[in-house]
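K.L.:
You'll find final.cif just under this line, and it carries mmCIF, C-alpha atoms and all ligand atoms.
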```
data_start
#
loop_
_atom_site.label_atom_id
_atom_site.label_comp_id
_atom_site.auth_asym_id
_atom_site.auth_seq_id
_atom_site.Cartn_x
_atom_site.Cartn_y
_atom_site.Cartn_z
CA MET A 14 -13.39 20.57 -6.02
CA ILE A 15 -16.06 18.68 -4.10
CA VAL A 16 -15.88 19.53 -0.38
CA SER A 17 -18.24 17.96 2.12
CA PRO A 18 -20.07 20.69 4.10
CA GLU A 19 -19.47 18.72 7.30
CA ARG A 20 -16.63 16.37 8.20
CA ILE A 21 -17.55 12.77 7.30
CA PRO A 22 -16.06 10.40 9.88
CA VAL A 23 -14.74 7.01 8.83
CA ALA A 24 -16.52 4.84 11.41
CA GLY A 25 -18.98 4.95 14.27
CA PRO A 26 -21.81 3.03 15.92
CA SER A 27 -25.59 3.16 15.74
CA ILE A 28 -26.95 4.20 19.13
CA THR A 29 -30.69 4.48 19.79
CA ASP A 30 -32.54 5.13 23.07
CA ARG A 31 -32.40 1.40 23.75
CA GLU A 32 -28.63 1.28 24.41
CA PRO A 33 -28.58 3.89 27.23
CA GLU A 34 -31.85 2.45 28.58
CA LEU A 35 -30.33 -1.02 29.04
CA ALA A 36 -26.98 0.40 30.19
CA ALA A 37 -28.77 2.39 32.90
CA GLU A 38 -30.76 -0.69 33.89
CA ALA A 39 -27.50 -2.64 34.21
CA ALA A 40 -25.94 0.13 36.29
CA ARG A 41 -28.98 -0.02 38.63
CA THR A 42 -29.59 -3.75 38.81
CA ALA A 43 -26.55 -5.80 37.78
CA TRP A 44 -25.19 -6.29 41.28
CA TYR A 45 -25.41 -8.94 44.02
CA GLN A 46 -26.81 -12.21 42.65
CA ASP A 47 -27.65 -10.47 39.35
CA HIS A 48 -24.15 -9.20 38.58
CA TYR A 49 -23.77 -11.48 35.53
CA VAL A 50 -27.31 -11.31 34.11
CA PHE A 51 -26.52 -8.91 31.25
CA ASN A 52 -23.28 -10.70 30.39
CA ALA A 53 -25.11 -14.04 30.24
CA ARG A 54 -27.82 -12.53 28.02
CA PHE A 55 -25.29 -10.99 25.67
CA GLU A 56 -23.28 -14.22 25.50
CA ARG A 57 -26.39 -16.31 24.73
CA MET A 58 -27.60 -13.88 22.07
CA LEU A 59 -24.25 -13.89 20.29
CA ALA A 60 -23.75 -17.66 20.57
CA ASP A 61 -27.26 -18.31 19.21
CA TYR A 62 -26.79 -15.77 16.43
CA ILE A 63 -23.59 -17.36 15.13
CA GLY A 64 -24.75 -20.89 15.93
CA VAL A 65 -22.14 -22.11 18.43
CA ALA A 66 -22.69 -23.55 21.88
CA HIS A 67 -20.59 -21.19 24.02
CA ALA A 68 -19.60 -17.54 24.17
CA VAL A 69 -17.58 -15.66 26.80
CA SER A 70 -17.69 -11.86 27.10
CA VAL A 71 -14.27 -10.29 27.58
CA PRO A 72 -12.81 -6.74 27.68
CA HIS A 73 -11.73 -6.78 24.02
CA CYS A 74 -11.02 -9.07 21.10
CA THR A 75 -7.29 -9.00 21.84
CA ALA A 76 -8.11 -10.67 25.18
CA ALA A 77 -10.32 -13.23 23.43
CA LEU A 78 -7.46 -14.20 21.10
CA HIS A 79 -5.00 -14.30 24.00
CA LEU A 80 -7.34 -16.57 25.97
CA ALA A 81 -7.97 -18.76 22.92
CA LEU A 82 -4.27 -19.39 22.38
CA ALA A 83 -3.58 -19.91 26.08
CA ALA A 84 -6.51 -22.33 26.39
CA LEU A 85 -5.24 -24.27 23.35
CA GLY A 86 -1.94 -24.67 25.18
CA ILE A 87 0.14 -22.75 22.64
CA GLY A 88 3.40 -21.50 24.12
CA PRO A 89 7.15 -21.09 23.81
CA GLY A 90 8.71 -22.99 20.91
CA ASP A 91 5.43 -23.08 18.95
CA GLU A 92 4.68 -21.29 15.70
CA VAL A 93 1.31 -19.91 14.63
CA ILE A 94 0.61 -19.07 10.99
CA VAL A 95 -1.13 -15.73 10.51
CA PRO A 96 -1.86 -13.39 7.58
CA ASN A 97 0.74 -10.72 6.90
CA VAL A 98 -1.95 -8.10 6.32
CA THR A 99 -4.24 -7.59 9.32
CA TRP A 100 -4.50 -5.43 12.41
CA ILE A 101 -1.62 -6.24 14.78
CA ALA A 102 -4.12 -7.43 17.42
CA SER A 103 -4.63 -10.64 15.39
CA VAL A 104 -0.98 -11.48 15.93
CA ALA A 105 0.24 -9.85 19.16
CA PRO A 106 -1.47 -12.54 21.33
CA VAL A 107 0.76 -15.16 19.68
CA VAL A 108 3.72 -13.30 21.16
CA TYR A 109 1.93 -12.85 24.52
CA VAL A 110 1.86 -16.66 24.97
CA GLY A 111 5.55 -16.90 24.05
CA ALA A 112 5.00 -18.44 20.58
CA GLU A 113 6.21 -17.05 17.26
CA PRO A 114 3.86 -15.76 14.56
CA VAL A 115 4.71 -16.77 11.00
CA LEU A 116 3.40 -14.23 8.50
CA VAL A 117 2.09 -15.40 5.13
CA ASP A 118 0.51 -13.80 2.08
CA ILE A 119 -3.16 -12.93 1.53
CA LEU A 120 -5.47 -13.60 -1.40
CA PRO A 121 -5.94 -10.83 -3.98
CA ASP A 122 -9.76 -10.76 -3.93
CA THR A 123 -10.93 -11.42 -0.37
CA TRP A 124 -7.72 -10.06 1.24
CA CYS A 125 -7.81 -13.05 3.62
CA ILE A 126 -5.03 -15.56 4.34
CA ASP A 127 -3.97 -17.67 1.33
CA PRO A 128 -4.43 -21.40 2.09
CA ASP A 129 -1.56 -22.31 -0.27
CA ALA A 130 0.75 -19.93 1.58
CA VAL A 131 -0.41 -21.48 4.86
CA GLU A 132 0.41 -24.96 3.67
CA ALA A 133 3.84 -23.87 2.42
CA ALA A 134 4.68 -22.37 5.82
CA ILE A 135 3.83 -25.44 7.94
CA GLY A 136 6.84 -26.81 9.76
CA PRO A 137 7.61 -29.05 12.72
CA ARG A 138 6.83 -26.30 15.24
CA THR A 139 3.54 -25.18 13.71
CA LYS A 140 0.67 -25.54 16.17
CA ALA A 141 -2.11 -23.32 14.86
CA ILE A 142 -3.46 -21.17 12.05
CA ILE A 143 -5.28 -17.91 12.67
CA GLY A 144 -7.57 -16.85 9.81
CA VAL A 145 -8.83 -13.25 9.85
CA ASP A 146 -12.12 -12.32 8.18
CA LEU A 147 -10.74 -9.00 6.95
CA TYR A 148 -13.10 -6.02 6.69
CA GLY A 149 -16.07 -8.44 6.66
CA SER A 150 -14.68 -10.82 3.99
CA MET A 151 -14.70 -14.53 4.74
CA CYS A 152 -11.60 -16.72 4.73
CA ASP A 153 -11.66 -19.90 2.69
CA TRP A 154 -12.62 -21.82 5.84
CA ASP A 155 -13.22 -25.13 4.07
CA ARG A 156 -9.67 -25.25 2.78
CA LEU A 157 -8.18 -23.95 6.02
CA GLN A 158 -10.06 -26.61 8.00
CA LYS A 159 -8.85 -29.35 5.66
CA ILE A 160 -5.26 -28.17 6.06
CA ALA A 161 -5.65 -27.94 9.83
CA ASP A 162 -7.07 -31.47 9.95
CA ARG A 163 -4.40 -32.91 7.67
CA TYR A 164 -1.53 -31.52 9.77
CA GLY A 165 -3.21 -31.76 13.17
CA LEU A 166 -3.28 -27.99 13.77
CA HIS A 167 -5.66 -25.81 15.74
CA LEU A 168 -7.70 -23.39 13.64
CA VAL A 169 -8.64 -20.03 15.17
CA GLU A 170 -11.02 -17.53 13.58
CA ASP A 171 -10.42 -13.83 14.15
CA ALA A 172 -13.93 -12.60 13.31
CA ALA A 173 -13.39 -9.17 14.90
CA GLU A 174 -14.49 -7.45 11.71
CA ALA A 175 -17.03 -9.91 10.36
CA LEU A 176 -20.04 -10.22 12.67
CA GLY A 177 -22.98 -10.96 10.36
CA SER A 178 -20.93 -12.31 7.45
CA SER A 179 -21.43 -15.94 6.43
CA THR A 180 -20.30 -18.65 4.04
CA ARG A 181 -23.06 -20.91 2.71
CA GLY A 182 -25.26 -19.87 5.63
CA ARG A 183 -22.65 -20.55 8.31
CA LYS A 184 -21.88 -17.40 10.22
CA ALA A 185 -18.49 -15.79 10.86
CA GLY A 186 -17.37 -16.91 14.30
CA ALA A 187 -18.58 -20.48 13.75
CA PHE A 188 -15.41 -21.66 11.99
CA GLY A 189 -12.33 -23.22 13.50
CA ARG A 190 -12.13 -24.47 17.05
CA VAL A 191 -12.49 -21.06 18.63
CA SER A 192 -13.27 -17.56 17.39
CA ALA A 193 -13.03 -13.98 18.59
CA PHE A 194 -15.08 -10.80 18.06
CA SER A 195 -14.46 -7.12 18.77
CA PHE A 196 -17.08 -4.60 19.89
CA HIS A 197 -14.80 -1.57 19.78
CA GLY A 198 -16.74 1.62 18.96
CA SER A 199 -15.89 1.34 15.28
CA LYS A 200 -17.14 -2.23 14.90
CA THR A 201 -20.36 -3.76 13.53
CA ILE A 202 -21.80 -3.79 17.03
CA ALA A 203 -20.25 -1.57 19.67
CA THR A 204 -19.95 -1.70 23.44
CA GLY A 205 -17.22 0.97 23.58
CA GLU A 206 -14.47 -1.53 24.17
CA GLY A 207 -15.44 -5.18 24.32
CA GLY A 208 -14.98 -8.62 22.86
CA MET A 209 -16.29 -12.16 22.81
CA LEU A 210 -14.74 -15.58 22.52
CA ALA A 211 -16.93 -18.27 20.97
CA THR A 212 -16.46 -22.02 20.74
CA GLY A 213 -18.43 -25.18 20.25
CA ASP A 214 -15.90 -27.11 22.32
CA SER A 215 -17.09 -27.57 25.92
CA SER A 216 -13.70 -28.49 27.36
CA LEU A 217 -12.06 -25.48 25.73
CA PHE A 218 -14.90 -23.31 27.05
CA ASP A 219 -14.30 -24.59 30.60
CA ARG A 220 -10.59 -23.90 30.26
CA VAL A 221 -11.30 -20.35 29.01
CA LEU A 222 -13.61 -19.64 31.99
CA PHE A 223 -10.86 -20.83 34.31
CA LEU A 224 -8.07 -18.86 32.63
CA ARG A 225 -10.02 -15.61 32.35
CA ASP A 226 -10.60 -15.43 36.10
CA HIS A 227 -7.10 -15.76 37.53
CA GLY A 228 -6.96 -19.53 37.21
CA ARG A 229 -9.88 -20.54 39.39
CA GLN A 230 -13.05 -22.51 38.76
CA PRO A 231 -16.15 -20.41 37.97
CA LYS A 232 -17.98 -21.36 41.18
CA ASP A 233 -14.93 -21.05 43.45
CA ARG A 234 -15.92 -18.95 46.49
CA PHE A 235 -12.70 -19.45 48.43
CA PHE A 236 -10.16 -17.78 46.13
CA GLN A 237 -8.41 -21.03 45.33
CA ASN A 238 -6.18 -20.24 42.38
CA SER A 239 -4.55 -23.30 40.93
CA GLU A 240 -2.66 -21.49 38.14
CA ILE A 241 -1.46 -17.99 37.47
CA ALA A 242 -3.68 -16.75 34.66
CA PHE A 243 -5.53 -13.63 33.52
CA LYS A 244 -8.35 -11.27 34.48
CA TYR A 245 -10.44 -10.80 31.36
CA ARG A 246 -14.05 -9.93 32.17
CA MET A 247 -16.46 -7.52 30.52
CA SER A 248 -18.48 -5.16 32.74
CA ALA A 249 -22.27 -5.53 32.98
CA VAL A 250 -22.85 -2.03 31.58
CA GLN A 251 -20.89 -2.91 28.44
CA ALA A 252 -22.76 -6.21 28.16
CA ALA A 253 -26.07 -4.31 28.37
CA LEU A 254 -24.97 -2.18 25.42
CA GLY A 255 -24.18 -5.43 23.60
CA VAL A 256 -27.66 -6.83 24.31
CA ALA A 257 -29.26 -3.67 22.89
CA GLN A 258 -27.07 -3.91 19.79
CA MET A 259 -27.81 -7.61 19.28
CA GLU A 260 -31.55 -6.89 19.45
CA ARG A 261 -31.04 -4.85 16.25
CA ILE A 262 -28.40 -6.98 14.58
CA ASP A 263 -30.38 -7.71 11.41
CA ALA A 264 -31.13 -4.03 10.85
CA LEU A 265 -27.49 -3.14 11.53
CA ILE A 266 -26.19 -5.63 8.98
CA ALA A 267 -28.81 -4.44 6.46
CA HIS A 268 -27.54 -0.87 6.95
CA LYS A 269 -23.91 -1.95 6.40
CA ARG A 270 -24.91 -3.75 3.22
CA ALA A 271 -26.91 -0.74 2.01
CA ILE A 272 -23.86 1.51 2.52
CA PHE A 273 -21.79 -0.88 0.40
CA ASP A 274 -24.45 -1.03 -2.32
CA TRP A 275 -24.61 2.78 -2.47
CA TYR A 276 -20.85 2.95 -2.93
CA LYS A 277 -20.79 0.08 -5.41
CA SER A 278 -23.44 1.56 -7.66
CA ARG A 279 -21.38 4.77 -7.89
CA LEU A 280 -17.86 3.30 -8.07
CA SER A 281 -18.10 0.01 -9.88
CA GLY A 282 -17.57 1.74 -13.22
CA LEU A 283 -14.12 3.02 -12.25
CA ARG A 284 -11.53 1.01 -14.13
CA ASN A 285 -8.65 -0.56 -12.17
CA VAL A 286 -10.31 0.06 -8.82
CA SER A 287 -11.59 -2.83 -6.72
CA LEU A 288 -13.93 -2.99 -3.75
CA ASN A 289 -14.61 -5.66 -1.08
CA ALA A 290 -15.34 -9.06 -2.59
CA GLU A 291 -18.42 -11.20 -2.10
CA PRO A 292 -17.68 -14.55 -3.77
CA ALA A 293 -20.52 -16.98 -4.54
CA GLY A 294 -21.97 -18.47 -1.35
CA VAL A 295 -20.61 -15.65 0.84
CA LEU A 296 -22.59 -12.89 2.52
CA ASN A 297 -20.27 -10.01 3.42
CA SER A 298 -21.36 -7.72 6.27
CA TYR A 299 -18.97 -5.08 4.88
CA TRP A 300 -17.62 -3.76 8.15
CA MET A 301 -15.54 -1.23 6.19
CA VAL A 302 -16.11 -0.39 2.56
CA THR A 303 -12.62 -0.43 1.06
CA VAL A 304 -11.26 0.74 -2.29
CA VAL A 305 -8.05 -0.63 -3.72
CA PRO A 306 -6.85 1.42 -6.71
CA ASP A 307 -4.46 -0.56 -8.87
CA PRO A 308 -0.82 0.50 -8.27
CA SER A 309 -0.59 1.39 -11.97
CA LEU A 310 -2.76 4.43 -11.18
CA GLY A 311 0.19 5.87 -9.27
CA LEU A 312 -1.71 6.90 -6.15
CA ASP A 313 -0.77 5.25 -2.85
CA LYS A 314 -3.08 5.13 0.15
CA LEU A 315 -1.55 8.12 1.91
CA ALA A 316 -1.90 10.29 -1.20
CA LEU A 317 -5.52 9.20 -1.63
CA MET A 318 -6.28 9.83 2.04
CA ALA A 319 -4.74 13.31 1.76
CA GLU A 320 -7.00 14.08 -1.22
CA LEU A 321 -10.06 12.89 0.71
CA ASP A 322 -8.98 14.89 3.75
CA LYS A 323 -8.84 18.08 1.63
CA ARG A 324 -12.47 17.37 0.79
CA ASN A 325 -13.40 17.08 4.50
CA ILE A 326 -13.68 13.28 4.34
CA ASP A 327 -12.02 11.02 6.86
CA SER A 328 -10.62 7.64 5.78
CA ARG A 329 -8.23 4.95 6.98
CA PRO A 330 -5.25 3.27 5.38
CA PHE A 331 -5.51 -0.42 4.52
CA PHE A 332 -3.62 -2.29 7.22
CA SER A 333 0.12 -2.35 6.73
CA ARG A 334 1.91 -5.55 5.97
CA LEU A 335 3.01 -6.54 9.46
CA SER A 336 6.41 -7.51 8.05
CA ASP A 337 6.91 -3.83 7.11
CA LEU A 338 6.33 -2.59 10.66
CA PRO A 339 9.20 -1.75 13.01
CA ALA A 340 7.59 -4.08 15.58
CA PHE A 341 8.56 -7.07 13.41
CA ALA A 342 12.03 -5.84 12.41
CA ASP A 343 13.82 -8.21 14.78
CA ARG A 344 11.60 -11.25 14.16
CA PRO A 345 13.26 -13.23 11.34
CA THR A 346 11.11 -16.29 12.11
CA ALA A 347 7.94 -14.25 11.77
CA THR A 348 8.94 -12.78 8.43
CA ARG A 349 10.66 -15.73 6.76
CA PHE A 350 7.88 -16.22 4.19
CA THR A 351 7.32 -12.57 3.35
CA THR A 352 8.81 -10.92 0.26
CA PRO A 353 8.56 -7.36 -1.07
CA HIS A 354 6.66 -8.77 -4.06
CA GLU A 355 3.98 -10.74 -2.27
CA ARG A 356 0.38 -10.12 -3.35
CA GLY A 357 -0.54 -8.34 -0.16
CA ALA A 358 2.04 -5.61 -0.85
CA PRO A 359 0.17 -3.57 -3.50
CA ILE A 360 -3.16 -4.04 -1.72
CA SER A 361 -1.71 -2.82 1.54
CA ARG A 362 0.10 0.06 -0.20
CA CYS A 363 -2.90 1.38 -2.13
CA GLY A 364 -6.08 0.37 -0.24
CA VAL A 365 -8.19 2.90 1.68
CA ASN A 366 -11.17 2.32 3.97
CA LEU A 367 -14.00 4.71 3.13
CA PRO A 368 -16.48 6.19 5.61
CA SER A 369 -18.68 3.25 6.63
CA GLY A 370 -20.16 4.29 9.99
CA TYR A 371 -23.85 3.94 10.74
CA ASN A 372 -24.34 7.68 10.28
CA MET A 373 -23.72 7.21 6.54
CA THR A 374 -26.71 8.12 4.41
CA GLU A 375 -27.04 7.73 0.66
CA GLU A 376 -26.40 11.49 0.35
CA LYS A 377 -23.12 11.23 2.25
CA VAL A 378 -22.03 8.21 0.24
CA ASP A 379 -22.80 10.30 -2.84
CA ILE A 380 -20.39 13.00 -1.65
CA VAL A 381 -17.59 10.51 -0.88
CA ALA A 382 -18.10 8.60 -4.12
CA SER A 383 -18.17 11.81 -6.18
CA ALA A 384 -14.97 12.92 -4.45
CA LEU A 385 -13.35 9.60 -5.34
CA VAL A 386 -14.45 9.84 -8.95
CA GLU A 387 -12.99 13.36 -9.00
CA ILE A 388 -9.67 12.17 -7.46
CA LEU A 389 -9.32 8.95 -9.42
CA GLY A 390 -11.30 10.04 -12.45
CA GLU A 391 -8.53 10.85 -14.87
CA ARG A 392 -6.39 7.96 -13.74
CA ALA A 393 -9.25 5.46 -13.65
CA PRO A 394 -11.76 6.71 -16.23
CA VAL A 395 -15.27 5.41 -15.83
CA GLY A 396 -15.37 2.41 -18.16
C1 LIG A 401 -8.86 -8.10 12.72
C2 LIG A 401 -8.87 -7.62 14.13
N1 LIG A 401 -8.47 -8.46 15.10
C3 LIG A 401 -8.47 -8.11 16.39
C4 LIG A 401 -8.88 -6.86 16.78
C5 LIG A 401 -8.78 -6.49 18.22
O1 LIG A 401 -9.96 -6.02 18.74
P1 LIG A 401 -9.97 -5.21 20.10
O2 LIG A 401 -9.60 -3.80 19.76
O3 LIG A 401 -11.39 -5.35 20.58
O4 LIG A 401 -9.00 -5.85 21.01
C6 LIG A 401 -9.33 -5.95 15.83
C7 LIG A 401 -9.83 -4.63 16.22
O5 LIG A 401 -9.44 -3.59 15.99
C8 LIG A 401 -9.31 -6.33 14.47
O6 LIG A 401 -9.70 -5.47 13.52
#
```
Any chance you could give the structure as structure tokens?
P.N.:
Amino acid sequence: MIVSPERIPVAGPSITDREPELAAEAARTAWYQDHYVFNARFERMLADYIGVAHAVSVPHCTAALHLALAALGIGPGDEVIVPNVTWIASVAPVVYVGAEPVLVDILPDTWCIDPDAVEAAIGPRTKAIIGVDLYGSMCDWDRLQKIADRYGLHLVEDAAEALGSSTRGRKAGAFGRVSAFSFHGSKTIATGEGGMLATGDSSLFDRVLFLRDHGRQPKDRFFQNSEIAFKYRMSAVQAALGVAQMERIDALIAHKRAIFDWYKSRLSGLRNVSLNAEPAGVLNSYWMVTVVPDPSLGLDKLALMAELDKRNIDSRPFFSRLSDLPAFADRPTATRFTTPHERGAPISRCGVNLPSGYNMTEEKVDIVASALVEILGERAPVG
């Protein structure tokens, strides 16, 4: 049996001397009139990179999505259509604002929300659609935008996992009316915890600035709160880490893509096993390289993870279908379009995220891929 000599973690950032250098500079200098300098730099770098006018640094992506929905005026009595297979943070903010998520199926290749399923779920209470660029894949944003326009719905992009991906040259985070990113330590760029909201809409941007600072205008010096709102700001030290990461964004994305290519060259021969998709016109930044063995192979994600674990390799399960989680057990509205046979079910049951952190070298990928061939080999002979 192949056993890695050292534990291979599933995710982790790329930290050079530059990150602590800028973080220390922020800790020394980002006070008094300069308290927002690093945040403003980070916001401008991200906005310019994705090609939108405005970005707002926040404590995490969950906060960005919460602010987005609040700023769009979504609230009690409203429904928001979301994919059934994603991290719960894509959906929890819908509940925070008092609205109801409506879970719909995903596509079999990109694992992103199915536009046909979205259209079928639209009802009189529907106010918005949240598309999630899962594991670096891109949603079918053209179709989602057309549906949103036809029914007068807001379109929100959860790009937490897709910084650096693009469709026909347009970057993740530039779709819909507002988008959100995560900079959690496992993400494409990391600030520890952290997030960003991005939008090309100036009035929405103003509303977000107001809502994220306890319902007061950005230049208010007299603590005049005109609404009860939220406190969602990112610290300067985190923003400095973000600036250092954005300085290297092209190299970081190139590394992610190299990791995927190393895996692909070793695994693409396995029959009945699929990897992340990159349809024509899409560039996938492959946040997490993911294998989905066909259910016919008889190995679910937990069994596959256990086999990898025996070989000293860490991995993660594909996100659960939200409709299968206890948290959604008493939400009949949320789950009214989900069925045990929907396409997301086998993907969610069998998919596993492979080690994709920036410490992955070709040698380490070789160990993981060889382990997978060993585990799946007889079930999925190399074709
Ligand atoms: C798809 C998706 N949406 C939202 C989030 C929330 O990000 P954060 O942990 O920064 O709040 C994550 C991060 O884990 C995510 O993967």
K.L.:
Report as a Markdown table: every residue of chain A with an atom at most 8 Å from ligand LIG 401 (chain A), its closest pair of atoms, and their distance in Å to one decimal, counting only C-alpha atoms and all ligand atoms, with rows sorted by chain and ascending residue number.
P.N.:
```
| residue | atom | partner | partner_atom | distance |
| --- | --- | --- | --- | --- |
| A:Pro72 | CA | A:LIG401 | O3 | 7.4 |
| A:His73 | CA | A:LIG401 | O3 | 3.7 |
| A:Cys74 | CA | A:LIG401 | O3 | 3.8 |
| A:Thr75 | CA | A:LIG401 | O4 | 3.7 |
| A:Ala76 | CA | A:LIG401 | O4 | 6.4 |
| A:Ala77 | CA | A:LIG401 | O4 | 7.9 |
| A:Leu78 | CA | A:LIG401 | C3 | 7.8 |
| A:Thr99 | CA | A:LIG401 | C1 | 5.8 |
| A:Trp100 | CA | A:LIG401 | C1 | 5.1 |
| A:Ile101 | CA | A:LIG401 | N1 | 7.2 |
| A:Ala102 | CA | A:LIG401 | C3 | 4.5 |
| A:Ser103 | CA | A:LIG401 | N1 | 4.4 |
| A:Val145 | CA | A:LIG401 | C1 | 5.9 |
| A:Asp146 | CA | A:LIG401 | C1 | 7.0 |
| A:Leu147 | CA | A:LIG401 | C1 | 6.1 |
| A:Tyr148 | CA | A:LIG401 | O6 | 7.6 |
| A:Asp171 | CA | A:LIG401 | N1 | 5.8 |
| A:Ala172 | CA | A:LIG401 | C1 | 6.8 |
| A:Ala173 | CA | A:LIG401 | C2 | 4.8 |
| A:Glu174 | CA | A:LIG401 | O6 | 5.5 |
| A:Ala193 | CA | A:LIG401 | C3 | 7.8 |
| A:Phe194 | CA | A:LIG401 | O1 | 7.0 |
| A:Ser195 | CA | A:LIG401 | O3 | 4.0 |
| A:Phe196 | CA | A:LIG401 | O3 | 5.8 |
| A:His197 | CA | A:LIG401 | O3 | 5.2 |
| A:Lys200 | CA | A:LIG401 | C7 | 7.8 |
| A:Glu206 | CA | A:LIG401 | O3 | 6.1 |
| A:Gly207 | CA | A:LIG401 | O3 | 5.5 |
| A:Gly208 | CA | A:LIG401 | O3 | 5.4 |
```
K.L.:
Which polymer residues have any atom within 10 Å of an atom of A:Pro231, counting all atoms listed in the file, with same-chain residues fewer than 4 positions away left out, as a list in words?
P.N.:
Asp219, Leu222, Phe223, Leu224, Arg225 and Asp226 of chain A
K.L.:
Which is closest to A:Ser216 among A:Val304, A:Ala249, A:Leu157, A:Ala66, if we use all atoms listed in the file?
P.N.:
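Using all atoms listed in the file, the shortest distance to A:Ser216 belongs to A:Ala66.
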K.L.:
How many Å lie between atom CA of A:Ser361 and atom CA of A:Trp124, rounded to one decimal?
P.N.:
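Interatomic distance here is 9.4 Å.
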K.L.:
What is the distance, in Å and to one decimal place, between atom CA of A:Val115 and atom CA of A:Pro330?
P.N.:
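We find that atom CA of A:Val115 and atom CA of A:Pro330 lie 23.1 Å from each other.
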K.L.:
Please, what distance in Å, to one decimal, runs between atom CA of A:Ala340 and atom CA of A:Val104?
P.N.:
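Separating atom CA of A:Ala340 from atom CA of A:Val104 is a distance of 11.3 Å.
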K.L.:
At a cut-off of 12 Å from (-24.3, -23.3, 1.9) in the coordinates of the file, what residues are picked up using only C-alpha atoms, written as a list in words?
P.N.:
Asp155, Ser179, Thr180, Arg181, Gly182, Arg183, Lys184, Ala293, Gly294, Val295 and Leu296 of chain A
K.L.:
Which residue, A:Gln258, A:Thr303, A:Thr348, A:Asn52, has the smallest gap to A:Asp30 when you use all atoms listed in the file?
P.N.:
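Distance minimum relative to A:Asp30 lands on A:Gln258.
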K.L.:
Hey, can I get the axis-aligned box for stretch 359-374 of chain A? All listed atoms, 3 Å padding on each side, centre and edge lengths in Å to one decimal, as lines of an AutoDock Vina configuration file.
P.N.:
```
center_x = -13.3
center_y = 2.0
center_z = 3.6
size_x = 32.9
size_y = 18.2
size_z = 20.2
```
K.L.:
List the spatial neighbours of A:Leu85 as a PyMOL selection string - criterion: any atom at most 12 Å away, all atoms listed in the file, same-chain residues fewer than 3 positions off excluded.
P.N.:
chain A and resi 78-82+88+91+93+107+110+140-142+166-169+190-191+212+214+216-221+224
K.L.:
Using all atoms listed in the file, which of A:Ser278, A:Gln237, A:Thr351, A:Leu389 sits nearest A:Asp307?
P.N.:
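With all atoms listed in the file as the atom set, the closest residue is A:Leu389.
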K.L.:
Do you know which residues are at most 10 Å from A:Ser328 counting only C-alpha atoms, after dropping those on the same chain fewer than 4 positions away, and could you put them as number ranges by chain?
P.N.:
A: 21-24, 303, 314-315, 317-319, 321-322, 365-369
K.L.:
Distance table requested - stretch 212-257 of chain A against stretch 34-44 of chain A, cut-off 9 Å, all atoms listed in the file: one row per qualifying residue with the closest atom pair and its distance in Å to one decimal, ordered by chain and rising residue number, as a Markdown table.
P.N.:
```
| residue | atom | partner | partner_atom | distance |
| --- | --- | --- | --- | --- |
| A:Ala249 | CA | A:Ala39 | CA | 6.1 |
| A:Val250 | CA | A:Ala36 | CA | 5.0 |
| A:Gln251 | CA | A:Ala36 | CA | 7.1 |
| A:Ala252 | CA | A:Ala36 | CA | 8.1 |
| A:Ala253 | CA | A:Ala36 | CA | 5.1 |
| A:Leu254 | CA | A:Ala36 | CA | 5.8 |
| A:Val256 | CA | A:Leu35 | CA | 8.0 |
| A:Ala257 | CA | A:Leu35 | CA | 6.8 |
```
K.L.:
Which residue gives the smallest distance to A:Gly186 among A:Met259, A:Val71, A:Val98, A:Ala60, with only C-alpha atoms counted?
P.N.:
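Of all the options, A:Ala60 lies closest to A:Gly186.
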